[in-house]
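run34.csv follows; it contains CSV, C-alpha atoms.
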```csv
chain,number,residue,atom,x,y,z
O,177,MET,CA,91.0,133.7,121.6
O,178,ARG,CA,88.8,130.8,122.2
O,179,GLY,CA,85.2,131.3,121.2
O,180,LYS,CA,83.3,133.4,118.7
O,181,GLY,CA,82.7,137.1,118.4
O,182,VAL,CA,81.4,137.8,121.9
O,183,ALA,CA,84.3,136.1,123.6
O,184,ARG,CA,86.8,138.1,121.6
O,185,TYR,CA,84.8,141.3,122.2
O,186,LEU,CA,85.0,140.9,125.9
O,187,ALA,CA,88.7,139.9,126.0
O,188,GLU,CA,89.7,142.9,123.8
O,189,MET,CA,87.2,145.5,124.9
O,190,LEU,CA,87.8,145.4,128.7
O,191,PRO,CA,91.4,146.5,128.6
O,192,CYS,CA,90.6,149.2,126.1
O,193,LEU,CA,87.7,150.5,128.2
O,194,ALA,CA,90.1,150.9,131.1
O,195,THR,CA,92.0,153.5,129.0
O,196,VAL,CA,89.1,155.6,127.8
O,197,ASP,CA,89.0,159.1,129.2
O,198,THR,CA,85.5,159.4,130.6
O,199,SER,CA,83.7,160.7,133.7
O,200,LEU,CA,81.6,157.5,133.8
O,201,GLU,CA,82.5,154.9,136.4
O,202,LEU,CA,82.6,151.6,134.4
O,203,VAL,CA,81.6,148.5,136.3
O,204,VAL,CA,82.0,145.0,135.0
O,205,LEU,CA,79.4,142.4,136.1
O,206,ALA,CA,81.5,139.2,136.2
O,207,ASP,CA,81.6,135.8,137.8
O,208,LEU,CA,83.9,135.8,140.8
O,209,ALA,CA,85.8,132.9,139.4
O,210,ALA,CA,86.3,134.6,136.0
O,211,SER,CA,89.8,135.9,135.2
O,212,PHE,CA,90.1,139.4,133.8
O,213,PRO,CA,92.2,140.0,130.7
O,214,THR,CA,95.5,141.8,131.3
O,215,GLY,CA,95.0,145.6,131.4
O,216,ALA,CA,91.4,145.4,132.7
O,217,GLU,CA,92.3,145.3,136.4
O,218,ARG,CA,91.5,149.0,136.8
O,219,LEU,CA,87.9,148.5,136.0
O,220,LYS,CA,85.5,148.1,139.0
O,221,ARG,CA,84.2,144.6,139.3
O,222,GLN,CA,80.8,143.5,140.8
O,223,ALA,CA,80.5,139.8,141.5
O,224,ILE,CA,77.6,137.9,140.0
O,225,ASN,CA,76.3,134.4,139.4
O,226,PRO,CA,75.5,134.2,135.7
O,227,ARG,CA,74.1,130.7,135.6
O,228,PRO,CA,71.7,129.5,134.4
O,229,ALA,CA,71.9,132.2,131.7
O,230,SER,CA,68.2,132.6,131.2
O,231,VAL,CA,67.6,133.3,134.9
O,232,TRP,CA,70.6,135.6,135.1
O,233,GLU,CA,69.5,137.6,132.1
O,234,GLN,CA,65.9,138.1,133.3
O,235,VAL,CA,66.3,138.2,137.1
O,236,GLY,CA,69.9,138.4,138.1
O,237,MET,CA,70.9,141.3,135.8
O,238,PRO,CA,68.1,143.7,136.9
O,239,ARG,CA,68.9,142.8,140.5
O,240,ALA,CA,72.6,143.5,140.0
O,241,ALA,CA,71.8,146.8,138.5
O,242,ARG,CA,69.6,147.8,141.5
O,243,SER,CA,72.1,146.6,144.1
O,244,GLY,CA,75.0,148.3,142.4
O,245,GLY,CA,73.1,151.5,141.7
O,246,LEU,CA,74.0,151.3,138.0
O,247,ALA,CA,72.7,153.9,135.7
O,248,LEU,CA,73.0,151.8,132.5
O,249,LEU,CA,73.2,148.1,131.6
O,250,HIS,CA,75.2,147.1,128.5
O,251,SER,CA,74.9,143.6,127.1
O,252,THR,CA,75.9,141.5,124.1
O,253,SER,CA,73.1,139.0,124.7
O,254,ASP,CA,70.1,139.0,122.3
O,255,ARG,CA,67.9,138.3,125.4
O,256,LEU,CA,67.8,141.5,127.4
O,257,PRO,CA,65.8,141.6,130.7
O,258,VAL,CA,62.1,142.3,130.1
O,259,ALA,CA,61.3,143.9,133.5
O,260,THR,CA,63.9,146.5,134.5
O,261,ARG,CA,63.8,150.3,134.8
O,262,THR,CA,67.5,150.6,134.2
O,263,PRO,CA,68.3,151.9,130.7
O,264,LEU,CA,69.6,149.2,128.4
O,265,SER,CA,72.4,149.2,125.8
O,266,LEU,CA,72.7,146.3,123.4
O,267,TYR,CA,75.7,145.4,121.2
O,268,LEU,CA,74.6,143.1,118.4
O,269,PHE,CA,76.9,141.0,116.2
O,270,GLU,CA,74.2,139.4,114.1
O,271,ASP,CA,70.5,138.8,113.7
O,272,PRO,CA,69.8,135.3,115.2
O,273,LYS,CA,67.6,134.5,112.2
O,274,TYR,CA,70.7,133.4,110.3
O,275,ARG,CA,71.7,130.8,112.9
O,276,GLU,CA,68.3,129.3,112.9
O,277,ALA,CA,68.1,129.2,109.1
O,278,ILE,CA,71.4,127.4,108.7
O,279,ALA,CA,71.1,125.1,111.7
O,280,GLY,CA,67.7,123.9,110.5
O,281,LYS,CA,65.4,122.1,112.8
O,282,PRO,CA,66.8,122.0,116.4
O,283,SER,CA,67.6,118.6,117.9
O,284,GLY,CA,66.8,117.9,121.5
O,285,LEU,CA,64.7,119.7,124.1
O,286,ARG,CA,67.4,122.0,125.2
O,287,HIS,CA,68.0,123.4,121.7
O,288,THR,CA,64.3,123.7,121.0
O,289,LEU,CA,63.7,125.7,124.2
O,290,ALA,CA,66.7,127.9,123.6
O,291,GLY,CA,65.5,128.7,120.0
O,292,ALA,CA,62.0,129.5,121.3
O,293,LEU,CA,63.4,131.7,124.0
O,294,ILE,CA,65.5,133.7,121.5
O,295,ARG,CA,62.6,134.0,119.0
O,296,GLY,CA,60.4,135.3,121.8
O,297,LEU,CA,62.8,137.7,123.5
O,298,PHE,CA,64.9,139.1,120.7
O,299,PRO,CA,62.2,141.3,119.3
O,300,VAL,CA,61.5,142.5,122.8
O,301,SER,CA,65.2,143.2,123.4
O,302,LEU,CA,65.3,145.4,120.3
O,303,ARG,CA,62.3,147.4,121.6
O,304,ARG,CA,63.6,147.6,125.1
O,305,ALA,CA,67.1,148.8,124.2
O,306,GLY,CA,67.7,152.5,124.4
O,307,VAL,CA,70.4,152.1,121.8
O,308,VAL,CA,71.4,149.2,119.6
O,309,MET,CA,75.1,149.1,118.6
O,310,VAL,CA,75.8,146.9,115.6
O,311,SER,CA,79.0,145.3,114.4
O,312,SER,CA,78.4,146.0,110.6
O,313,LYS,CA,76.2,147.7,108.1
O,314,ALA,CA,74.8,144.3,107.2
O,315,THR,CA,73.6,143.9,110.8
O,316,LEU,CA,72.3,147.4,110.8
O,317,ARG,CA,70.1,146.6,107.8
O,318,ASP,CA,68.8,143.5,109.6
O,319,VAL,CA,67.9,145.6,112.6
O,320,VAL,CA,66.2,148.2,110.6
O,321,SER,CA,64.2,145.5,108.8
O,322,ARG,CA,63.0,144.4,112.3
O,323,GLY,CA,61.4,147.8,112.7
O,324,VAL,CA,64.0,149.5,114.9
O,325,PRO,CA,64.3,153.3,114.0
O,326,GLU,CA,67.7,154.2,112.6
O,327,GLU,CA,68.1,157.0,115.2
O,328,ARG,CA,68.3,154.2,117.9
O,329,ILE,CA,71.1,152.3,116.0
O,330,ARG,CA,74.8,153.1,116.1
O,331,LEU,CA,77.4,151.4,113.9
O,332,VAL,CA,80.4,150.5,116.0
O,333,TYR,CA,82.8,148.2,114.3
O,334,PRO,CA,84.8,145.6,116.4
O,335,GLY,CA,88.5,145.6,116.2
O,336,VAL,CA,91.3,143.3,115.3
O,337,SER,CA,93.9,142.4,117.9
O,338,ARG,CA,97.4,143.7,117.2
O,339,VAL,CA,98.8,140.2,117.6
O,340,PHE,CA,97.6,139.7,114.0
O,341,ARG,CA,100.2,141.4,111.8
O,342,PRO,CA,102.1,140.6,108.6
O,343,ALA,CA,105.5,139.0,108.5
O,344,ARG,CA,108.3,141.5,108.8
O,345,GLU,CA,110.5,139.7,106.4
O,346,ALA,CA,110.4,136.7,104.0
O,347,GLY,CA,112.5,134.7,106.5
O,348,GLU,CA,109.8,134.9,109.1
O,349,ILE,CA,107.3,133.3,106.7
O,350,ALA,CA,109.8,130.5,106.0
O,351,ALA,CA,110.3,129.9,109.7
O,352,ILE,CA,106.6,129.7,110.4
O,353,ARG,CA,106.0,127.3,107.6
O,354,ALA,CA,108.9,125.2,108.8
O,355,ARG,CA,107.3,125.1,112.3
O,356,PHE,CA,104.0,123.9,110.8
O,357,GLU,CA,106.0,121.4,108.7
O,358,ARG,CA,104.7,122.9,105.5
O,359,PRO,CA,107.9,124.4,104.0
O,360,HIS,CA,106.3,125.1,100.6
O,361,GLY,CA,103.3,126.9,102.0
O,362,TYR,CA,99.7,126.0,102.7
O,363,VAL,CA,96.1,127.0,101.9
O,364,LEU,CA,94.4,127.8,105.2
O,365,HIS,CA,90.7,127.2,106.1
O,366,PHE,CA,89.1,127.5,109.5
O,367,SER,CA,86.4,125.0,110.3
O,368,SER,CA,84.2,123.7,113.2
O,369,ASP,CA,81.0,121.9,113.5
O,370,ASP,CA,79.1,125.1,112.8
O,371,PRO,CA,77.3,124.8,109.4
O,372,ARG,CA,78.0,128.4,108.6
O,373,ASP,CA,81.7,127.5,107.9
O,374,ASN,CA,80.5,125.9,104.7
O,375,SER,CA,83.6,123.7,104.7
O,376,ARG,CA,82.3,121.5,101.9
O,377,VAL,CA,82.8,124.3,99.4
O,378,ALA,CA,86.3,124.9,100.7
O,379,LEU,CA,87.2,121.3,100.2
O,380,GLU,CA,85.6,121.1,96.7
O,381,ALA,CA,87.2,124.4,95.6
O,382,TYR,CA,90.6,123.2,96.8
O,383,ALA,CA,90.2,119.9,94.9
O,384,GLU,CA,89.3,121.8,91.7
O,385,ALA,CA,92.2,124.3,92.1
O,386,ARG,CA,94.6,121.4,92.6
O,387,ARG,CA,93.4,119.8,89.4
O,388,ARG,CA,94.3,123.1,87.7
O,389,VAL,CA,97.6,123.6,89.6
O,390,PRO,CA,99.0,120.1,90.5
O,391,GLY,CA,101.7,121.7,92.7
O,392,LEU,CA,99.2,123.5,94.9
O,393,PRO,CA,100.3,123.7,98.5
O,394,PRO,CA,98.4,121.4,100.9
O,395,LEU,CA,95.1,122.4,102.5
O,396,VAL,CA,95.4,123.0,106.3
O,397,VAL,CA,92.1,122.9,108.2
O,398,ALA,CA,92.4,124.6,111.6
O,399,GLY,CA,89.7,124.7,114.3
O,400,PRO,CA,87.7,122.4,116.6
O,401,VAL,CA,86.2,119.9,114.1
O,402,VAL,CA,84.6,117.1,116.1
O,403,ALA,CA,81.1,116.0,115.0
O,404,THR,CA,81.8,116.6,111.3
O,405,ALA,CA,85.4,115.3,111.3
O,406,GLU,CA,84.5,111.9,109.7
O,407,GLU,CA,82.2,113.6,107.2
O,408,GLN,CA,85.0,116.0,106.1
O,409,ARG,CA,87.6,113.3,105.8
O,410,ARG,CA,85.2,111.2,103.7
O,411,ARG,CA,84.5,114.1,101.4
O,412,ALA,CA,88.2,114.8,101.0
O,413,SER,CA,88.8,111.1,100.1
O,414,GLU,CA,86.0,111.2,97.5
O,415,LEU,CA,87.6,114.3,96.0
O,416,GLY,CA,91.0,112.7,95.9
O,417,ILE,CA,92.7,115.3,98.2
O,418,LEU,CA,92.8,113.4,101.5
O,419,GLU,CA,96.6,113.0,101.4
O,420,HIS,CA,96.9,116.8,100.7
O,421,THR,CA,94.5,117.9,103.5
O,422,HIS,CA,95.6,118.2,107.1
O,423,TRP,CA,93.4,118.8,110.1
O,424,ILE,CA,95.4,120.5,112.9
O,425,GLY,CA,92.7,121.3,115.5
O,426,TYR,CA,92.2,124.3,117.7
O,427,LEU,CA,94.9,127.0,117.8
O,428,SER,CA,95.4,129.9,120.2
O,429,GLY,CA,98.0,132.5,121.1
O,430,ASP,CA,101.1,132.7,119.0
O,431,ALA,CA,100.2,129.6,117.0
O,432,LEU,CA,97.0,131.2,115.9
O,433,ALA,CA,98.6,134.4,114.8
O,434,GLU,CA,101.4,132.5,113.0
O,435,ILE,CA,99.1,130.2,111.1
O,436,TYR,CA,97.5,133.2,109.3
O,437,ARG,CA,100.9,134.9,108.7
O,438,GLY,CA,102.5,131.9,107.0
O,439,ALA,CA,99.5,131.0,104.7
O,440,THR,CA,99.8,131.0,100.9
O,441,ALA,CA,96.1,131.9,100.9
O,442,TYR,CA,93.1,132.0,103.2
O,443,ILE,CA,89.8,130.6,102.0
O,444,ASP,CA,86.5,131.3,103.8
O,445,PRO,CA,83.2,130.5,102.0
O,446,SER,CA,81.2,131.4,105.1
O,447,LEU,CA,77.4,131.5,104.7
O,448,PHE,CA,77.0,134.5,107.1
O,449,GLU,CA,79.1,136.6,109.5
O,450,GLY,CA,77.9,139.4,111.8
O,451,PHE,CA,81.4,140.9,111.4
O,452,GLY,CA,83.9,138.2,110.2
O,453,PHE,CA,86.7,138.1,112.7
O,454,GLN,CA,88.7,135.4,110.9
O,455,VAL,CA,88.6,137.2,107.6
O,456,ALA,CA,89.7,140.5,109.3
O,457,GLU,CA,92.5,138.6,111.2
O,458,ALA,CA,93.7,137.0,107.9
O,459,LEU,CA,93.8,140.5,106.3
O,460,ALA,CA,95.7,142.0,109.2
O,461,SER,CA,98.2,139.1,108.9
O,462,GLY,CA,98.9,139.7,105.2
O,463,ALA,CA,97.3,136.4,104.0
O,464,PRO,CA,95.7,136.7,100.6
O,465,VAL,CA,91.9,136.4,101.3
O,466,ILE,CA,89.3,134.6,99.2
O,467,CYS,CA,86.0,134.7,100.9
O,468,SER,CA,82.3,134.8,100.4
O,469,ASN,CA,80.3,137.9,99.5
O,470,SER,CA,77.6,137.2,102.1
O,471,THR,CA,76.4,139.5,104.9
O,472,SER,CA,79.1,141.6,106.4
O,473,LEU,CA,82.2,140.2,104.6
O,474,PRO,CA,82.2,142.6,101.6
O,475,GLU,CA,82.5,145.6,104.0
O,476,VAL,CA,85.2,144.0,106.1
O,477,VAL,CA,87.3,143.0,103.0
O,478,GLY,CA,86.7,146.1,100.9
O,479,SER,CA,89.0,145.9,97.9
O,480,ALA,CA,91.7,144.0,99.8
O,481,GLY,CA,90.5,140.5,98.9
O,482,VAL,CA,88.6,138.3,96.4
O,483,LEU,CA,84.8,137.8,96.9
O,484,HIS,CA,82.6,135.0,95.6
O,485,ASP,CA,79.1,133.7,96.2
O,486,PRO,CA,79.5,131.1,99.0
O,487,ARG,CA,78.1,128.4,96.7
O,488,ASP,CA,80.5,129.3,93.8
O,489,VAL,CA,83.0,126.4,93.9
O,490,ARG,CA,84.5,127.2,90.6
O,491,GLY,CA,85.0,130.9,91.5
O,492,PHE,CA,86.8,130.0,94.7
O,493,ALA,CA,88.9,127.4,92.8
O,494,SER,CA,89.9,129.9,90.1
O,495,SER,CA,91.0,132.6,92.5
O,496,LEU,CA,92.9,130.1,94.7
O,497,ALA,CA,94.7,128.7,91.6
O,498,GLU,CA,95.6,132.3,90.5
O,499,ILE,CA,96.9,133.3,93.9
O,500,ALA,CA,98.9,130.0,94.4
O,501,SER,CA,100.4,130.6,91.0
O,502,GLY,CA,102.1,133.8,92.1
O,503,ASP,CA,99.3,136.4,92.2
O,504,GLY,CA,99.4,136.8,96.0
O,505,GLY,CA,101.8,139.7,96.5
O,506,ARG,CA,99.4,142.6,96.0
O,507,TRP,CA,96.9,141.1,98.5
O,508,ARG,CA,99.6,140.7,101.1
O,509,ASP,CA,100.1,144.5,101.0
O,510,ALA,CA,96.4,145.5,100.7
O,511,GLY,CA,95.1,143.3,103.6
O,512,PRO,CA,96.9,145.0,106.5
O,513,ARG,CA,95.9,148.4,105.2
O,514,GLN,CA,92.3,147.4,105.1
O,515,ALA,CA,92.4,145.8,108.5
O,516,ALA,CA,94.0,148.8,110.1
O,517,GLN,CA,90.6,150.6,110.2
O,518,PHE,CA,89.4,148.1,112.8
O,519,ARG,CA,91.0,148.9,116.1
O,520,TRP,CA,89.7,147.9,119.6
O,521,GLU,CA,90.8,151.3,121.0
O,522,THR,CA,88.4,153.0,118.6
O,523,THR,CA,85.6,150.5,119.4
O,524,ALA,CA,86.0,151.3,123.1
O,525,ARG,CA,86.0,155.1,122.6
O,526,GLU,CA,82.9,155.0,120.3
O,527,THR,CA,81.1,152.7,122.7
O,528,VAL,CA,81.7,155.0,125.7
O,529,ALA,CA,80.6,157.9,123.6
O,530,VAL,CA,77.3,156.2,122.8
O,531,TRP,CA,76.8,155.4,126.6
O,532,GLU,CA,77.4,159.1,127.4
O,533,GLU,CA,74.9,160.1,124.7
O,534,LEU,CA,72.3,157.7,126.0
O,535,LEU,CA,72.7,158.8,129.6
O,536,ALA,CA,72.6,162.5,128.6
```

Turn the structure described in the file into structure tokens.
Amino acid sequence: MRGKGVARYLAEMLPCLATVDTSLELVVLADLAASFPTGAERLKRQAINPRPASVWEQVGMPRAARSGGLALLHSTSDRLPVATRTPLSLYLFEDPKYREAIAGKPSGLRHTLAGALIRGLFPVSLRRAGVVMVSSKATLRDVVSRGVPEERIRLVYPGVSRVFRPAREAGEIAAIRARFERPHGYVLHFSSDDPRDNSRVALEAYAEARRRVPGLPPLVVAGPVVATAEEQRRRASELGILEHTHWIGYLSGDALAEIYRGATAYIDPSLFEGFGFQVAEALASGAPVICSNSTSLPEVVGSAGVLHDPRDVRGFASSLAEIASGDGGRWRDAGPRQAAQFRWETTARETVAVWEELLA
């Protein structure tokens, strides 16, 4: 499960595509050294060299389509090839304008060039794509605002892996908490060096909630925090919660699924999400969710969690205090029901149906 939306999309979609009943022959363009996820072995594979990415996208991809006799190219990149006669299908998680707005001025030549490339090619990609599949209604609205006609857009929600499930019994939660050495529970937040995580608000909300509920379980910060680690620790110290805050690093596999399952609450004040995988995974795991009301998150959460403006520290703190004081039971039941509508099998079937429609 390492990586953001695209990595999860590929890991989950390929095995599901292998099970779809279709007359289309599905070919995966993949680096020869790349390993296929279990279940995807039945898909035909065409070896490619995808590096450097900009050369692969503009030169290698059209060449691979010609050499393989492909009738359609499907990509999750926002930089589709400009010069190809092969019809193009694009799956879009988010409009890159959000990344640029939050990241601010790019640092270094590489980031400056990458940003310029995206700004130049993304509008062209939207025009070139025969169909644009989007991960949420929020992304659909962004694409429409870019001038893409709605008849060329299809809403195809991603899924949530079935490894994310609620605890089957109270003893399972107790065992998970014991393994993480947090027997009385914990508040979970995922963070990285990505500014969209908005971890400052999570820390401040936790500090405020702890002032209201002195016995609040500790805050567990999971994820690959590196460049901002010192800054986060300094802020936690200023807020007086350093001894109650624990950074546990990157998690994957069973540990990732379990950390959600054992949480007293999950707090996510994200500034924007194309879909919001972590929120959906928390819901599926039965963790009471408190998240921001930005971009796609309201449609992912529905009525199964608590929504606040991503800058509303007091709102997050109030909801966290309420849930930690015993108001979490109804959310543990509602979350899995909401998350059940997001299934990778459905994503794969709907994607193939769009391809069939485009080729027809």

Problem set entry | Contacts of range 394-397 of chain O within 9 Å, only C-alpha atoms, excl. fewer than 5 positions in-chain, as a PyMOL selection string | chain O and resi 358+360-367+379+382+417+419-425

Restricted to C-alpha atoms, what would the selected residues look like written as a PDB file, keeping the file's coordinate frame?
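After the write, again-v3.pdb holds the following:
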```
ATOM      1  CA  ARG O 358     104.700 122.900 105.500  1.00  0.00           C
ATOM      2  CA  HIS O 360     106.300 125.100 100.600  1.00  0.00           C
ATOM      3  CA  GLY O 361     103.300 126.900 102.000  1.00  0.00           C
ATOM      4  CA  TYR O 362      99.700 126.000 102.700  1.00  0.00           C
ATOM      5  CA  VAL O 363      96.100 127.000 101.900  1.00  0.00           C
ATOM      6  CA  LEU O 364      94.400 127.800 105.200  1.00  0.00           C
ATOM      7  CA  HIS O 365      90.700 127.200 106.100  1.00  0.00           C
ATOM      8  CA  PHE O 366      89.100 127.500 109.500  1.00  0.00           C
ATOM      9  CA  SER O 367      86.400 125.000 110.300  1.00  0.00           C
ATOM     10  CA  LEU O 379      87.200 121.300 100.200  1.00  0.00           C
ATOM     11  CA  TYR O 382      90.600 123.200  96.800  1.00  0.00           C
ATOM     12  CA  ILE O 417      92.700 115.300  98.200  1.00  0.00           C
ATOM     13  CA  GLU O 419      96.600 113.000 101.400  1.00  0.00           C
ATOM     14  CA  HIS O 420      96.900 116.800 100.700  1.00  0.00           C
ATOM     15  CA  THR O 421      94.500 117.900 103.500  1.00  0.00           C
ATOM     16  CA  HIS O 422      95.600 118.200 107.100  1.00  0.00           C
ATOM     17  CA  TRP O 423      93.400 118.800 110.100  1.00  0.00           C
ATOM     18  CA  ILE O 424      95.400 120.500 112.900  1.00  0.00           C
ATOM     19  CA  GLY O 425      92.700 121.300 115.500  1.00  0.00           C
TER      20      GLY O 425
END
```

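Across O:Thr195, O:Ser253, O:Ser375, O:Asn469, the tightest approach to Arg409 in chain O is made by O:Ser375 when counting only C-alpha atoms.
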
Exercise. Which residue gives the smallest distance to Gly452 in chain O among O:Tyr274, O:Tyr436, O:Phe269, O:Phe492, with all atoms listed in the file counted?
Worked result: O:Phe269

Seminar exercise, completed: The distance between CA of Leu447 in chain O and CA of Val310 in chain O is 18.9 Å

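The space between CA of Ala314 in chain O and CA of Leu256 in chain O spans 21.6 Å.
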
Problem set entry | Val319 in chain O environment, 9 Å, all atoms listed in the file, sequence neighbours closer than 4 positions dropped, as an NGL selection string | :O and (270-271 or 302 or 308 or 310 or 314-315 or 323-326 or 329)

Tell me, as a compact mmCIF listing (two decimals) with C-alpha atoms, in the coordinates of the input, which residues lie within 8 Å of Val489 in chain O, counting all atoms listed in the file; anything in the same chain fewer than 6 positions away does not count.
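Just written: out-v5.txt:
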```txt
# COMPACT_ATOMS: atom_id res chain seq x y z
CA VAL O 377 82.80 124.30 99.40
CA ALA O 378 86.30 124.90 100.70
CA GLU O 380 85.60 121.10 96.70
CA ALA O 381 87.20 124.40 95.60
```

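Minimum atom-to-atom distances from O:Leu200, O:Phe448, O:Pro464, O:Gln514 to Val477 in chain O were compared using only C-alpha atoms, and the lowest value belongs to O:Gln514.
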
For this session: May I ask which of the residues O:Gly181, O:Pro272, O:Pro263, O:Gly511 is the closest one to Val482 in chain O, counting only C-alpha atoms?
Result: O:Gly511

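Residues surrounding Val336 in chain O within 7 Å are O:Ala456, O:Glu457, O:Phe518, O:Arg519, O:Trp520 [all atoms listed in the file; sequence separation below 6 positions excluded].
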